[in-house]
Each structure stands twice: as structure tokens, then as C-alpha cells.
>>> print(open('input_35.cif').read())   # mmCIF, C-alpha atoms and all ligand atoms
data_protein
#
loop_
_atom_site.label_atom_id
_atom_site.label_comp_id
_atom_site.auth_asym_id
_atom_site.auth_seq_id
_atom_site.Cartn_x
_atom_site.Cartn_y
_atom_site.Cartn_z
CA MET X 1 1.56 22.46 -18.46
CA LYS X 2 1.82 18.92 -17.05
CA ARG X 3 -1.11 16.56 -16.54
CA ILE X 4 -0.75 15.17 -13.02
CA LEU X 5 -2.64 12.36 -11.30
CA VAL X 6 -3.05 12.55 -7.52
CA THR X 7 -4.44 9.37 -5.94
CA GLY X 8 -6.06 10.08 -2.59
CA GLY X 9 -6.65 13.61 -3.90
CA ALA X 10 -9.63 14.29 -1.61
CA GLY X 11 -7.69 13.44 1.54
CA PHE X 12 -5.78 15.70 3.90
CA ILE X 13 -2.42 15.77 2.10
CA GLY X 14 -3.86 15.10 -1.37
CA SER X 15 -6.17 18.11 -1.30
CA HIS X 16 -3.32 20.47 -0.34
CA LEU X 17 -1.21 18.96 -3.11
CA CYS X 18 -3.96 19.41 -5.73
CA GLU X 19 -4.22 23.10 -4.76
CA LYS X 20 -0.48 23.60 -5.09
CA LEU X 21 -0.21 21.78 -8.45
CA LEU X 22 -3.13 23.75 -9.91
CA SER X 23 -1.67 27.03 -8.67
CA GLU X 24 1.51 26.21 -10.59
CA GLY X 25 -0.49 25.95 -13.82
CA ASN X 26 -0.81 22.17 -14.11
CA GLU X 27 -3.78 20.07 -15.07
CA VAL X 28 -4.76 17.84 -12.14
CA ILE X 29 -6.78 14.64 -11.95
CA ALA X 30 -7.71 13.61 -8.39
CA LEU X 31 -8.70 9.97 -7.85
CA ASP X 32 -10.41 9.00 -4.62
CA ASN X 33 -12.81 6.37 -3.26
CA PHE X 34 -13.79 8.76 -0.42
CA PHE X 35 -13.04 6.23 2.33
CA THR X 36 -11.38 8.88 4.50
CA GLY X 37 -11.34 11.72 1.99
CA ASN X 38 -13.97 14.39 1.80
CA LYS X 39 -15.35 16.33 -1.16
CA LYS X 40 -15.37 19.41 1.07
CA ASN X 41 -11.56 19.42 0.96
CA ILE X 42 -11.60 20.11 -2.79
CA ILE X 43 -15.02 21.60 -3.41
CA HIS X 44 -13.46 24.98 -4.16
CA LEU X 45 -11.45 23.39 -6.99
CA LEU X 46 -14.39 21.78 -8.77
CA ASP X 47 -15.17 24.71 -11.05
CA ASN X 48 -11.55 24.95 -12.20
CA PRO X 49 -11.52 23.59 -15.79
CA TYR X 50 -8.04 22.16 -15.22
CA PHE X 51 -9.22 20.03 -12.28
CA GLU X 52 -11.01 16.68 -12.56
CA LEU X 53 -12.28 14.60 -9.65
CA ILE X 54 -12.88 10.91 -10.32
CA ARG X 55 -14.43 8.42 -7.89
CA HIS X 56 -12.19 5.43 -8.29
CA ASP X 57 -10.60 2.75 -6.12
CA VAL X 58 -6.88 2.26 -6.76
CA THR X 59 -7.21 -1.48 -6.23
CA MET X 60 -8.74 -1.38 -9.74
CA PRO X 61 -6.68 -0.45 -12.81
CA PHE X 62 -6.97 3.10 -14.10
CA PHE X 63 -5.96 4.46 -17.48
CA ALA X 64 -5.23 8.05 -18.49
CA GLU X 65 -2.54 9.86 -20.41
CA ILE X 66 -0.58 11.62 -17.69
CA ASP X 67 2.93 12.96 -17.07
CA GLU X 68 3.24 12.44 -13.32
CA ILE X 69 1.57 10.46 -10.53
CA TYR X 70 1.57 11.18 -6.80
CA ASN X 71 0.39 7.94 -5.19
CA LEU X 72 -1.21 9.01 -1.92
CA ALA X 73 -4.30 6.80 -1.75
CA CYS X 74 -4.31 4.95 1.58
CA PRO X 75 -5.93 5.65 4.94
CA ALA X 76 -3.23 7.06 7.23
CA SER X 77 -4.79 7.15 10.69
CA PRO X 78 -4.35 3.92 12.71
CA VAL X 79 -8.10 3.95 13.48
CA HIS X 80 -8.95 4.00 9.78
CA TYR X 81 -6.28 1.69 8.43
CA GLN X 82 -7.14 -0.93 11.05
CA TYR X 83 -10.89 -0.68 10.31
CA ASN X 84 -10.48 -3.01 7.32
CA ALA X 85 -6.92 -4.31 7.52
CA ILE X 86 -7.18 -6.51 4.42
CA LYS X 87 -8.44 -3.60 2.35
CA THR X 88 -5.53 -1.50 3.63
CA VAL X 89 -3.03 -4.08 2.38
CA LYS X 90 -4.86 -4.27 -0.96
CA THR X 91 -4.86 -0.49 -1.29
CA SER X 92 -1.12 -0.25 -0.70
CA VAL X 93 -0.08 -3.26 -2.74
CA MET X 94 -2.62 -3.43 -5.57
CA GLY X 95 -2.75 0.36 -5.68
CA ALA X 96 1.02 0.45 -6.17
CA ILE X 97 0.88 -2.25 -8.87
CA ASN X 98 -1.91 -0.45 -10.74
CA MET X 99 -0.24 2.96 -10.56
CA LEU X 100 3.21 1.61 -11.45
CA GLY X 101 1.66 -0.25 -14.40
CA LEU X 102 0.09 3.00 -15.55
CA ALA X 103 3.39 4.89 -15.07
CA LYS X 104 5.18 2.23 -17.12
CA ARG X 105 2.62 2.35 -19.94
CA VAL X 106 2.63 6.15 -20.34
CA ASN X 107 6.23 6.74 -19.16
CA ALA X 108 5.09 8.92 -16.25
CA LYS X 109 7.21 9.84 -13.27
CA ILE X 110 5.65 8.39 -10.10
CA LEU X 111 6.08 9.38 -6.46
CA GLN X 112 5.11 7.06 -3.62
CA ALA X 113 3.86 8.51 -0.33
CA SER X 114 5.69 6.09 1.93
CA THR X 115 5.88 6.55 5.67
CA SER X 116 8.03 6.63 8.77
CA GLU X 117 6.00 3.56 9.76
CA VAL X 118 8.32 1.47 7.56
CA TYR X 119 10.76 1.88 10.49
CA GLY X 120 8.19 0.28 12.83
CA ASP X 121 9.10 0.67 16.51
CA PRO X 122 12.59 1.94 15.77
CA GLU X 123 15.66 0.85 17.70
CA ILE X 124 17.78 3.53 16.03
CA HIS X 125 17.05 7.15 16.86
CA PRO X 126 16.68 9.40 14.93
CA GLN X 127 15.86 7.27 11.90
CA PRO X 128 18.02 7.58 8.75
CA GLU X 129 16.86 6.15 5.42
CA THR X 130 19.50 3.40 5.73
CA TYR X 131 17.72 1.88 8.76
CA TRP X 132 15.79 -1.26 7.80
CA GLY X 133 13.24 -0.94 10.56
CA ASN X 134 11.66 -3.03 13.30
CA VAL X 135 8.16 -4.02 12.19
CA ASN X 136 5.99 -6.74 13.74
CA PRO X 137 4.60 -8.48 10.64
CA LEU X 138 1.68 -9.95 12.63
CA GLY X 139 0.70 -6.91 14.70
CA ILE X 140 -2.33 -4.67 14.28
CA ARG X 141 -0.24 -1.99 12.53
CA SER X 142 1.29 -4.42 10.02
CA CYS X 143 -1.48 -4.01 7.42
CA TYR X 144 -0.23 -0.44 7.00
CA ASP X 145 3.49 -0.86 7.73
CA GLU X 146 4.01 -4.00 5.66
CA GLY X 147 1.70 -2.73 2.91
CA LYS X 148 3.85 0.38 2.60
CA ARG X 149 7.05 -1.70 2.74
CA VAL X 150 5.83 -3.93 -0.11
CA ALA X 151 4.85 -0.80 -2.04
CA GLU X 152 8.46 0.43 -1.72
CA THR X 153 9.66 -3.00 -2.92
CA LEU X 154 7.35 -2.78 -5.92
CA PHE X 155 8.56 0.73 -6.73
CA ILE X 156 12.22 -0.21 -6.62
CA ASN X 157 11.64 -3.31 -8.76
CA TYR X 158 9.64 -1.47 -11.39
CA ARG X 159 12.64 0.83 -11.61
CA ARG X 160 15.16 -2.05 -11.79
CA GLN X 161 13.22 -4.17 -14.23
CA ASN X 162 11.22 -1.67 -16.25
CA LYS X 163 13.13 1.59 -15.84
CA VAL X 164 10.05 3.31 -14.40
CA ARG X 165 10.97 6.79 -13.12
CA ILE X 166 10.21 6.50 -9.41
CA LYS X 167 10.51 8.66 -6.30
CA ILE X 168 9.98 7.40 -2.74
CA VAL X 169 9.28 9.83 0.11
CA ARG X 170 9.01 8.60 3.71
CA ILE X 171 6.60 11.05 5.31
CA PHE X 172 6.72 11.62 9.08
CA ASN X 173 3.69 12.70 11.17
CA THR X 174 2.06 15.63 9.38
CA TYR X 175 -0.76 17.86 10.58
CA GLY X 176 -2.65 20.93 9.49
CA PRO X 177 -5.96 22.28 8.21
CA LYS X 178 -8.20 19.80 6.35
CA MET X 179 -7.44 16.90 8.67
CA HIS X 180 -10.76 15.29 9.45
CA PRO X 181 -11.97 16.20 12.97
CA ASN X 182 -12.72 12.51 13.61
CA ASP X 183 -9.56 11.34 11.91
CA GLY X 184 -8.29 9.77 15.14
CA ARG X 185 -4.71 11.01 14.88
CA VAL X 186 -3.21 12.72 17.86
CA VAL X 187 -3.02 16.35 16.72
CA SER X 188 -6.61 16.53 15.49
CA ASN X 189 -7.90 14.57 18.52
CA PHE X 190 -6.15 16.82 21.04
CA ILE X 191 -7.12 20.08 19.32
CA VAL X 192 -10.78 19.10 18.98
CA GLN X 193 -10.88 17.88 22.61
CA ALA X 194 -9.16 21.04 23.86
CA LEU X 195 -11.47 23.37 21.92
CA GLN X 196 -14.48 21.57 23.39
CA ASN X 197 -12.96 21.54 26.90
CA LYS X 198 -13.28 17.74 26.88
CA GLU X 199 -10.75 15.33 28.37
CA ILE X 200 -7.50 15.05 26.44
CA THR X 201 -7.01 11.33 25.80
CA ILE X 202 -3.37 10.30 26.17
CA TYR X 203 -2.74 6.67 25.25
CA GLY X 204 -0.18 5.10 27.60
CA ASP X 205 1.88 7.32 29.91
CA GLY X 206 2.48 9.96 27.24
CA ASN X 207 6.25 9.45 27.22
CA GLN X 208 6.24 8.09 23.66
CA THR X 209 7.55 10.63 21.16
CA ARG X 210 6.63 11.85 17.70
CA SER X 211 8.00 14.66 15.50
CA PHE X 212 5.32 16.74 13.82
CA GLN X 213 5.58 18.65 10.57
CA TYR X 214 3.17 21.24 9.24
CA ILE X 215 1.46 20.41 5.93
CA ASP X 216 3.06 23.28 3.95
CA ASP X 217 6.55 21.97 4.72
CA LEU X 218 5.56 18.50 3.51
CA ILE X 219 4.05 19.84 0.27
CA SER X 220 7.25 21.74 -0.51
CA GLY X 221 9.26 18.56 0.21
CA LEU X 222 7.07 16.47 -2.12
CA ASP X 223 7.42 19.11 -4.83
CA LYS X 224 11.21 19.27 -4.48
CA MET X 225 11.56 15.50 -4.61
CA MET X 226 9.28 15.06 -7.63
CA ASN X 227 11.06 17.78 -9.58
CA TYR X 228 14.62 17.01 -8.49
CA THR X 229 17.01 16.34 -11.33
CA PRO X 230 18.92 14.24 -12.20
CA GLU X 231 16.11 11.72 -11.86
CA ASP X 232 18.43 8.99 -10.64
CA PHE X 233 18.05 10.36 -7.13
CA TYR X 234 14.88 8.45 -6.38
CA GLY X 235 15.08 8.09 -2.59
CA PRO X 236 13.82 6.93 -0.28
CA VAL X 237 14.08 10.29 1.43
CA ASN X 238 12.70 11.25 4.86
CA ILE X 239 10.50 14.34 4.91
CA GLY X 240 9.61 15.42 8.42
CA ASN X 241 10.28 17.95 11.14
CA PRO X 242 12.96 16.70 13.56
CA GLU X 243 11.54 18.68 16.48
CA GLU X 244 10.52 15.88 18.83
CA PHE X 245 7.74 15.99 21.44
CA THR X 246 6.50 13.52 24.01
CA ILE X 247 2.75 13.08 23.61
CA PHE X 248 2.38 14.54 27.11
CA GLU X 249 4.27 17.68 26.03
CA LEU X 250 2.05 17.94 22.96
CA ALA X 251 -1.07 17.74 25.12
CA GLN X 252 0.23 20.49 27.42
CA LEU X 253 1.17 22.73 24.49
CA ILE X 254 -2.24 22.35 22.85
CA ILE X 255 -4.03 23.07 26.15
CA LYS X 256 -1.93 26.23 26.49
CA LEU X 257 -2.41 27.40 22.89
CA THR X 258 -6.18 26.89 23.02
CA ASN X 259 -6.56 28.33 26.52
CA SER X 260 -8.50 25.19 27.32
CA LYS X 261 -9.95 23.97 30.59
CA SER X 262 -9.46 20.35 29.52
CA LYS X 263 -7.99 17.81 31.93
CA ILE X 264 -5.76 14.99 30.77
CA SER X 265 -6.93 11.37 30.98
CA PHE X 266 -4.73 8.32 30.43
CA LEU X 267 -6.05 5.40 28.35
CA PRO X 268 -4.37 2.09 27.46
CA LEU X 269 -1.55 2.27 24.91
CA PRO X 270 -2.52 0.49 21.66
CA GLU X 271 -0.53 -2.61 20.71
CA ASP X 272 2.80 -1.97 18.94
CA ASP X 273 2.53 1.82 19.33
CA PRO X 274 6.09 3.02 18.50
CA LEU X 275 7.95 4.41 21.53
CA GLN X 276 9.92 7.04 19.68
CA ARG X 277 10.09 8.63 16.24
CA LYS X 278 12.21 11.41 14.80
CA PRO X 279 13.49 11.82 11.26
CA ASP X 280 17.13 12.19 10.32
CA ILE X 281 16.72 14.70 7.48
CA SER X 282 20.38 15.01 6.45
CA LEU X 283 19.65 13.49 3.05
CA ALA X 284 16.78 15.87 2.26
CA LYS X 285 18.91 18.83 3.35
CA GLU X 286 21.87 17.75 1.25
CA MET X 287 20.10 16.62 -1.92
CA LEU X 288 16.87 18.65 -2.03
CA LYS X 289 18.07 21.67 -0.06
CA TRP X 290 14.87 21.11 1.91
CA GLU X 291 14.18 21.55 5.58
CA PRO X 292 11.05 22.50 7.49
CA THR X 293 10.49 26.22 7.98
CA ILE X 294 7.33 26.28 10.07
CA HIS X 295 7.77 26.24 13.83
CA PRO X 296 5.44 23.74 15.56
CA LYS X 297 3.79 26.48 17.61
CA ASP X 298 2.92 28.49 14.46
CA GLY X 299 1.66 25.40 12.65
CA LEU X 300 -0.44 24.38 15.63
CA LEU X 301 -1.98 27.86 15.91
CA LYS X 302 -3.05 27.74 12.23
CA THR X 303 -4.50 24.27 12.75
CA ILE X 304 -6.32 25.33 15.92
CA ASP X 305 -7.82 28.24 14.00
CA TYR X 306 -9.04 25.84 11.29
CA PHE X 307 -10.70 23.45 13.77
CA ASP X 308 -12.16 26.35 15.75
CA ASN X 309 -13.99 27.54 12.62
CA LEU X 310 -14.96 24.02 11.62
CA LEU X 311 -16.51 23.24 15.00
CA LYS X 312 -18.76 26.27 14.59
CA GLU X 313 -20.10 24.62 11.41
CA ASP X 314 -22.00 21.35 11.31
CA PHE X 315 -19.41 18.88 10.05
P1 LIG P 401 -6.14 10.72 4.42
O1 LIG P 401 -6.79 9.55 5.03
O2 LIG P 401 -6.66 12.08 4.74
O3 LIG P 401 -6.10 10.59 2.84
C1 LIG P 401 -6.04 9.37 2.16
C2 LIG P 401 -6.93 9.48 0.93
O4 LIG P 401 -6.87 8.26 0.19
C3 LIG P 401 -8.41 9.68 1.30
O5 LIG P 401 -8.95 10.71 0.51
C4 LIG P 401 -9.04 8.34 1.01
O6 LIG P 401 -10.42 8.43 0.71
C5 LIG P 401 -8.21 7.85 -0.16
N1 LIG P 401 -8.21 6.40 -0.32
C6 LIG P 401 -8.03 5.46 0.63
N2 LIG P 401 -8.10 4.24 0.08
C7 LIG P 401 -8.31 4.41 -1.25
C8 LIG P 401 -8.47 3.53 -2.35
N3 LIG P 401 -8.44 2.19 -2.19
N4 LIG P 401 -8.69 4.05 -3.58
C9 LIG P 401 -8.74 5.41 -3.76
N5 LIG P 401 -8.60 6.30 -2.74
C10 LIG P 401 -8.38 5.79 -1.51
O7 LIG P 401 -4.59 10.60 4.81
P2 LIG P 401 -3.37 11.59 4.52
O8 LIG P 401 -2.82 11.99 5.82
O9 LIG P 401 -3.76 12.62 3.53
O10 LIG P 401 -2.33 10.58 3.86
C11 LIG P 401 -2.08 10.56 2.47
C12 LIG P 401 -0.93 9.61 2.18
O11 LIG P 401 0.25 10.03 2.89
C13 LIG P 401 -1.19 8.17 2.61
O12 LIG P 401 -0.68 7.29 1.64
C14 LIG P 401 -0.43 8.03 3.90
O13 LIG P 401 -0.02 6.71 4.12
C15 LIG P 401 0.76 8.95 3.65
N6 LIG P 401 1.34 9.43 4.92
C16 LIG P 401 0.68 10.36 5.68
C17 LIG P 401 1.24 10.77 6.89
C18 LIG P 401 0.56 11.81 7.74
O14 LIG P 401 1.07 12.11 8.83
N7 LIG P 401 -0.52 12.44 7.33
C19 LIG P 401 2.44 10.22 7.32
C20 LIG P 401 3.05 9.25 6.54
C21 LIG P 401 2.50 8.88 5.32
N1 LIG P 402 -2.36 9.20 20.72
C1 LIG P 402 -2.85 9.62 21.95
N2 LIG P 402 -4.13 10.06 22.03
C2 LIG P 402 -4.94 10.14 20.93
C3 LIG P 402 -4.44 9.74 19.68
C4 LIG P 402 -3.15 9.26 19.62
O1 LIG P 402 -2.14 9.57 22.98
O2 LIG P 402 -6.10 10.58 21.09
C5 LIG P 402 -0.96 8.75 20.65
C6 LIG P 402 -0.76 7.43 19.94
O3 LIG P 402 -0.92 6.34 20.85
C7 LIG P 402 0.65 7.56 19.44
C8 LIG P 402 0.80 9.06 19.14
O4 LIG P 402 -0.23 9.70 19.89
O5 LIG P 402 1.58 7.21 20.45
C9 LIG P 402 0.63 9.41 17.67
O6 LIG P 402 -0.55 8.80 17.22
P1 LIG P 402 -1.14 9.01 15.74
O7 LIG P 402 -2.30 8.09 15.61
O8 LIG P 402 -1.36 10.44 15.49
O9 LIG P 402 0.03 8.59 14.77
P2 LIG P 402 1.08 7.38 14.69
O10 LIG P 402 0.99 6.51 15.93
O11 LIG P 402 0.72 6.64 13.46
O12 LIG P 402 2.38 8.07 14.64
#
>>> encode(input="input_35.cif", output="C-alpha cells")
Amino acid sequence: MKRILVTGGAGFIGSHLCEKLLSEGNEVIALDNFFTGNKKNIIHLLDNPYFELIRHDVTMPFFAEIDEIYNLACPASPVHYQYNAIKTVKTSVMGAINMLGLAKRVNAKILQASTSEVYGDPEIHPQPETYWGNVNPLGIRSCYDEGKRVAETLFINYRRQNKVRIKIVRIFNTYGPKMHPNDGRVVSNFIVQALQNKEITIYGDGNQTRSFQYIDDLISGLDKMMNYTPEDFYGPVNIGNPEEFTIFELAQLIIKLTNSKSKISFLPLPEDDPLQRKPDISLAKEMLKWEPTIHPKDGLLKTIDYFDNLLKEDF
């Protein structure tokens, strides 16, 4: 039995990860400041004696004897990470320093939830891990993008200087049950709008692309990367589904799958919104023997089912 720390454990990805780690017989400590996370995501785990939930902000040091850390704490939706941009930078940078310091002290293995956003508005398509990216350091997305880039820099230097056992995963757009209905990301927005027969809000002309992976595929990728041996394969590695959609195609698909009467409306495109995004997953396939297994339509149907039930409750 390992003792595993999950920062951001009450969030969308973190709560799925806590479930998986507990089901494998580990002891799990979830840290969260509940900025975007929700106790409801993990309420069913609270009476498990091997699960601990701690209200804590990763910008402050934390001490515990642990074997592994998954560092997920950071708002991920543009709406939320831009709400308090300075705090977002602090969360990424100071959070990484605090968690790497802890990993160093207790000799824990530590995985960083990095992001496809480190590629910015990419000029190379699809994006391999060797691409250095195209990020506007002054733009409204930079608090997130640059914060995550500095976090990667910190990780690699803790490895170089202090031999900390690191893993870096660049996560591409992920969706699934337990996303917050007001999260602001495209899949949850469109599904909630479609289920309520409200206007589907496309930002820009809808020709920008994203590649969406279902949560279960991501969790298996994180697991494979954390447990891959030899440990000197530390990434970064892209984990995402290469099936690419325009945002317009996504809107049409969700309308069809929900049988919705919603009409599409076009709103201004936010500043620096990347035009295209699709992972090159050759490295994950070769090293981790990982690739996504869940077809977007199946993943979307499960997510629609989740939001359909949630909307019947009072969230
Ligand atoms: P989320 O917003 O649902 O979860 C983030 C969690 O971190 C929340 O529970 C939030 O309360 C917590 N948190 C935020 N700031 C904190 C702080 N200072 N101290 C402690 N806890 C804090 O988002 P998510 O989609 O679950 O994303 C989890 C991680 O994965 C993030 O680091 C994100 O950057 C990364 N990621 C996600 C995606 C995606 O598509 N979901 C893509 C790329 C990377
Ligand atoms: N988007 C949209 N309508 C929405 C929410 C998002 O058209 O209601 C667009 C957004 O402008 C972007 C894409 O969908 O081009 C993905 O947005 P999201 O916030 O989910 O993720 P990210 O931009 O970080 O990939």
C-alpha cells in the first residue's frame, strides 16, 4: 500500500484519480482549497478510512510522509484561471516549489499535471513534445500558460539539481462526469446549454479546433506514466485524444446527441484563443503503450447522462 498525495483532489480530474488510487488499495490524501473543486465530487469517499481530505492551499508549504504526489491543484478553465490571474501564477509556481520541496524531503515520486497550453497558439500541428510552443507572455492566458511552463522548468531543475523523481504529463482537453456545470469550458457549456434548449454559445466562427479525451483515458495515462519504469523516462509526455473537432462540429454533435432544440449563437472570440490543437501521441504509444480507447461519441453520451441527472438536482 502506497500513501499518495493528490493536490486538487476535489476537482474534476483529481476526484476521478482519488477514486482510482483508492480502488487499487492505496492510502490517499486529497489537498484542496475548494476554489473550483467541490466536496460533492468526493463525498462518497469520505467514510473510507484510507481517504483523507485536507483543506489546504498549495501556495503554502505542506508536510506529510508520502510515497507519491500528483500535483493537480490549479484552476483549468480559462474563466476561472483568469478570475485572479496573479493567484493562478502563484498556484502553479509556488505550488510546484512547495510540492517539489516536499517530494525532495521525503523522496517521493512526483507527477506534474502540465498542459497542452504550454504550446500556446501552436504553429506546428499536431503538437509533439519537442515543440517549444508559441505563448504570448503578456496575454490574458499567460497566467496559466506561463505558470505551467515555469512549473515544468522547476520540475526539470529539481531533477537535475536534487535528483527528485519527476514525471511531467501534458494533458490535452479532457471532459467527463464531475466537470462543474458552470465550469465555463466548452464541453460542459455546450451540453448544459443543449439539455436546457438554450442557445449554444460559439466563440468566434467555430473553425478553431480542439481534440477531446474522455476522463477514463486520461486517468489510465496518468497511472501508466507514474508507474512506468525505469524512472528515467520522466517526460514530458502528451496525453490526449488525437481526434480533432472544430468547435462548430462539436456543437452540432452535442445538439444531435442530446436531441436538442438549441440554436447556435456566435459570440466574440476571446483574446489569444488557440486556433488549432491536436496531440501527437507517438511518444505515449511507444513508451507507455497508451492510447485512448473511448470514442468521443461514447464519452459524450456518458457525460450528457451525467449532466442530465445533475440538472434534475439543485446544484
Ligand atoms: P478543476 O478546476 O476541476 O480542478 C482543480 C482543483 O484544484 C480544484 O479542486 C481546485 O479547487 C483546486 N485548486 C486550485 N487552486 C488551488 C490551490 N491554490 N491550492 C489547492 N487547491 C487548489 O480542473 P481539472 O480539469 O480537474 O484540472 C486539474 C489539473 O489538470 C490542473 O492542474 C489543470 O491545469 C490540469 N489540466 C486539465 C486539463 C483539462 O482539460 N481538464 C487539461 C490540461 C491540464
Ligand atoms: N468555447 C466556445 N464556447 C464556449 C466555451 C468555449 O466556443 O461556451 C471555445 C473556446 O473559445 C475555445 C474552445 O471552445 O476555442 C475550447 O475552450 P475551453 O475553454 O474548453 O478550453 P481551451 O480554450 O483552454 O482549450
>>> closest_residue(input="input_35.cif", among="X:Leu257, X:Leu31, X:Leu5, X:Leu269", to="ligand LIG 401 (chain P)", atoms="only C-alpha atoms and all ligand atoms")
X:Leu31
>>> closest_residue(input="input_35.cif", among="X:Ala251, X:Leu53, X:Val58, X:Met1", to="ligand LIG 402 (chain P)", atoms="all atoms listed in the file")
X:Ala251
>>> closest_residue(input="input_35.cif", among="X:Arg185, X:Lys198, X:Glu291, X:Ile97", to="Val150 in chain X", atoms="only C-alpha atoms")
X:Ile97
>>> residues_around(input="input_35.cif", residues="range 136-146 of chain X", least_positions_apart="6", cutoff="8 Å", atoms="all atoms listed in the file", output="CSV table (one decimal) with C-alpha atoms, in the frame of the given file")
chain,number,residue,atom,x,y,z
X,78,PRO,CA,-4.4,3.9,12.7
X,81,TYR,CA,-6.3,1.7,8.4
X,82,GLN,CA,-7.1,-0.9,11.0
X,85,ALA,CA,-6.9,-4.3,7.5
X,86,ILE,CA,-7.2,-6.5,4.4
X,88,THR,CA,-5.5,-1.5,3.6
X,89,VAL,CA,-3.0,-4.1,2.4
X,92,SER,CA,-1.1,-0.2,-0.7
X,117,GLU,CA,6.0,3.6,9.8
X,118,VAL,CA,8.3,1.5,7.6
X,120,GLY,CA,8.2,0.3,12.8
X,271,GLU,CA,-0.5,-2.6,20.7
X,272,ASP,CA,2.8,-2.0,18.9
>>> closest_residue(input="input_35.cif", among="X:Val187, X:Ala10, X:Ala103, X:Leu17", to="ligand LIG 402 (chain P)", atoms="only C-alpha atoms and all ligand atoms")
X:Val187
>>> atom_distance(input="input_35.cif", atom1="CA of Thr174 in chain X", atom2="atom C4 of ligand LIG 402 (chain P)")
13.1 Å
>>> residues_around(input="input_35.cif", residues="Tyr306 in chain X", least_positions_apart="5", cutoff="12 Å", atoms="only C-alpha atoms", output="list of chain:residue names")
X:Tyr175, X:Gly176, X:Pro177, X:Lys178, X:Met179, X:His180, X:Pro181, X:Ser188, X:Ile191, X:Val192, X:Leu195, X:Gly299, X:Leu300, X:Leu301, X:Leu311, X:Lys312, X:Glu313
>>> write_last_selection(input="input_35.cif", atoms="C-alpha atoms", output="PDB file, keeping the file's coordinate frame")
ATOM      1  CA  TYR X 175      -0.760  17.860  10.580  1.00  0.00           C
ATOM      2  CA  GLY X 176      -2.650  20.930   9.490  1.00  0.00           C
ATOM      3  CA  PRO X 177      -5.960  22.280   8.210  1.00  0.00           C
ATOM      4  CA  LYS X 178      -8.200  19.800   6.350  1.00  0.00           C
ATOM      5  CA  MET X 179      -7.440  16.900   8.670  1.00  0.00           C
ATOM      6  CA  HIS X 180     -10.760  15.290   9.450  1.00  0.00           C
ATOM      7  CA  PRO X 181     -11.970  16.200  12.970  1.00  0.00           C
ATOM      8  CA  SER X 188      -6.610  16.530  15.490  1.00  0.00           C
ATOM      9  CA  ILE X 191      -7.120  20.080  19.320  1.00  0.00           C
ATOM     10  CA  VAL X 192     -10.780  19.100  18.980  1.00  0.00           C
ATOM     11  CA  LEU X 195     -11.470  23.370  21.920  1.00  0.00           C
ATOM     12  CA  GLY X 299       1.660  25.400  12.650  1.00  0.00           C
ATOM     13  CA  LEU X 300      -0.440  24.380  15.630  1.00  0.00           C
ATOM     14  CA  LEU X 301      -1.980  27.860  15.910  1.00  0.00           C
ATOM     15  CA  LEU X 311     -16.510  23.240  15.000  1.00  0.00           C
ATOM     16  CA  LYS X 312     -18.760  26.270  14.590  1.00  0.00           C
ATOM     17  CA  GLU X 313     -20.100  24.620  11.410  1.00  0.00           C
TER      18      GLU X 313
END
>>> axis_aligned_box(input="input_35.cif", around="ligand LIG 401 (chain P)", padding_each_side="4 Å", output="lines of an AutoDock Vina configuration file")
center_x = -3.7
center_y = 7.4
center_z = 2.5
size_x = 21.5
size_y = 18.4
size_z = 20.6
>>> residues_near_point(input="input_35.cif", point="(-12.9, 16.8, 26.5)", cutoff="9 Å", atoms="only C-alpha atoms", output="VMD selection string")
chain X and resid 190 192 to 201 261 to 264
